[in-house]
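Below is one structure, written out as structure tokens, with a few remarks after it.
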Amino acid sequence: MREPLAQTTIRPARQVSAAILLRDNQLLLARRLPRQGLGGYWELPGGKCEAGETPAACLRRELAEELCISARIGACFSRTFHRYPRGLICTHSLFVASYHGQLLLREHDQLAWVAIPRLLDYRLTAANVPIVQRLQAWWRQSG
């Protein structure tokens, strides 16, 4: 007689959007607040998608909430997966075609425009490392 299969719960990946905001061969990074999970780590600005929200709509909303800017979202750069202890996330990184407004900090304690070759000098969240590596490869090929 066979044992019944154990019931498992499979959670879908949490959908997240991240900004590829470039200026003069530099990428905008934001440092997470110390009180947040992964506090002190650097990341691409963005955040979690709400139910039914597209990655572009999510990014537009998150940039308004976190950095007080109105952004025009461009093409998708990449889609990557990373498993944290709390679950799997799928990060949609999208180019920011343009934005209006002054960058203000609401959810981070520091912003930095970082030269693309130096991005890995920063202590990035694990989910952002493959995005940055792809961006560096893309920049070398296009440059």
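Labels used: A, B, ... for chains in the order of the structure tokens, numbers from 1 for residues in each chain, and numbers from 1 for ligands as shown.
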
### Task
Can you pull out every residue within 10 Å of A:Ile20, counting only C-alpha atoms, but drop anything in the same chain fewer than 4 positions away, and send it as an NGL selection string?
:A and (26-29 or 44-46 or 73-78 or 93-97 or 131-132 or 135)

### Task
Determine which residues of chain A DSSP labels as strand (DSSP E) from the backbone of this structure, then write them out as a VMD selection string.
chain A and resid 14 to 20 22 to 23 26 to 32 42 to 43 46 to 48 70 to 84 87 to 100 108 to 115

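Atom CA of A:Arg23 lies 23.6 Å from atom CA of A:Ala126.
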
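Interatomic distance, atom CA of A:Trp138 against atom CA of A:Ala30: 21.3 Å.
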
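Residue nearest A:Val114, chosen from A:Asn25, A:Gln15, A:Gln136, A:Gln102 and counting only C-alpha atoms: A:Asn25.
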
### Message
I want to know what sits within 12 Å of A:Val16, based on only C-alpha atoms, with residues of the same chain fewer than 5 positions away left out; could you give that as an MDAnalysis selection string?
### Response
chainID A and resid 44:51 53:59 62 78:82 88:94 127:128

### Task
From the DSSP assignment of the backbone, select every residue of stretch 16-76 of chain A that is alpha helix (DSSP H), and format the answer as number ranges by chain.
A: 55-67

Keeping N, CA and C atoms for every residue in the selection just given, could you write it to a file as a PDB file, in the first residue's frame?
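Saved to again-v2.pdb:
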```pdb
ATOM      1  N   PRO A  55       3.568  45.284 -13.761  1.00  0.00           N
ATOM      2  CA  PRO A  55       4.867  45.737 -13.255  1.00  0.00           C
ATOM      3  C   PRO A  55       5.107  47.233 -13.508  1.00  0.00           C
ATOM      4  N   ALA A  56       4.695  47.731 -14.665  1.00  0.00           N
ATOM      5  CA  ALA A  56       4.899  49.154 -14.969  1.00  0.00           C
ATOM      6  C   ALA A  56       4.064  50.037 -14.052  1.00  0.00           C
ATOM      7  N   ALA A  57       2.808  49.669 -13.843  1.00  0.00           N
ATOM      8  CA  ALA A  57       1.946  50.453 -12.949  1.00  0.00           C
ATOM      9  C   ALA A  57       2.487  50.411 -11.521  1.00  0.00           C
ATOM     10  N   CYS A  58       2.968  49.264 -11.105  1.00  0.00           N
ATOM     11  CA  CYS A  58       3.557  49.118  -9.777  1.00  0.00           C
ATOM     12  C   CYS A  58       4.755  50.057  -9.633  1.00  0.00           C
ATOM     13  N   LEU A  59       5.633  50.044 -10.608  1.00  0.00           N
ATOM     14  CA  LEU A  59       6.835  50.865 -10.512  1.00  0.00           C
ATOM     15  C   LEU A  59       6.482  52.350 -10.486  1.00  0.00           C
ATOM     16  N   ARG A  60       5.556  52.752 -11.313  1.00  0.00           N
ATOM     17  CA  ARG A  60       5.120  54.159 -11.328  1.00  0.00           C
ATOM     18  C   ARG A  60       4.596  54.561  -9.935  1.00  0.00           C
ATOM     19  N   ARG A  61       3.756  53.714  -9.339  1.00  0.00           N
ATOM     20  CA  ARG A  61       3.209  53.977  -8.006  1.00  0.00           C
ATOM     21  C   ARG A  61       4.305  54.006  -6.949  1.00  0.00           C
ATOM     22  N   GLU A  62       5.173  53.000  -6.966  1.00  0.00           N
ATOM     23  CA  GLU A  62       6.233  52.912  -5.960  1.00  0.00           C
ATOM     24  C   GLU A  62       7.191  54.109  -6.032  1.00  0.00           C
ATOM     25  N   LEU A  63       7.531  54.562  -7.228  1.00  0.00           N
ATOM     26  CA  LEU A  63       8.425  55.708  -7.356  1.00  0.00           C
ATOM     27  C   LEU A  63       7.761  56.981  -6.833  1.00  0.00           C
ATOM     28  N   ALA A  64       6.463  57.099  -7.043  1.00  0.00           N
ATOM     29  CA  ALA A  64       5.730  58.250  -6.492  1.00  0.00           C
ATOM     30  C   ALA A  64       5.714  58.177  -4.967  1.00  0.00           C
ATOM     31  N   GLU A  65       5.455  56.986  -4.415  1.00  0.00           N
ATOM     32  CA  GLU A  65       5.373  56.826  -2.965  1.00  0.00           C
ATOM     33  C   GLU A  65       6.732  56.961  -2.280  1.00  0.00           C
ATOM     34  N   GLU A  66       7.764  56.326  -2.850  1.00  0.00           N
ATOM     35  CA  GLU A  66       9.067  56.262  -2.197  1.00  0.00           C
ATOM     36  C   GLU A  66       9.958  57.461  -2.472  1.00  0.00           C
ATOM     37  N   LEU A  67       9.903  57.987  -3.709  1.00  0.00           N
ATOM     38  CA  LEU A  67      10.842  59.044  -4.107  1.00  0.00           C
ATOM     39  C   LEU A  67      10.167  60.346  -4.526  1.00  0.00           C
TER      40      LEU A  67
END
```
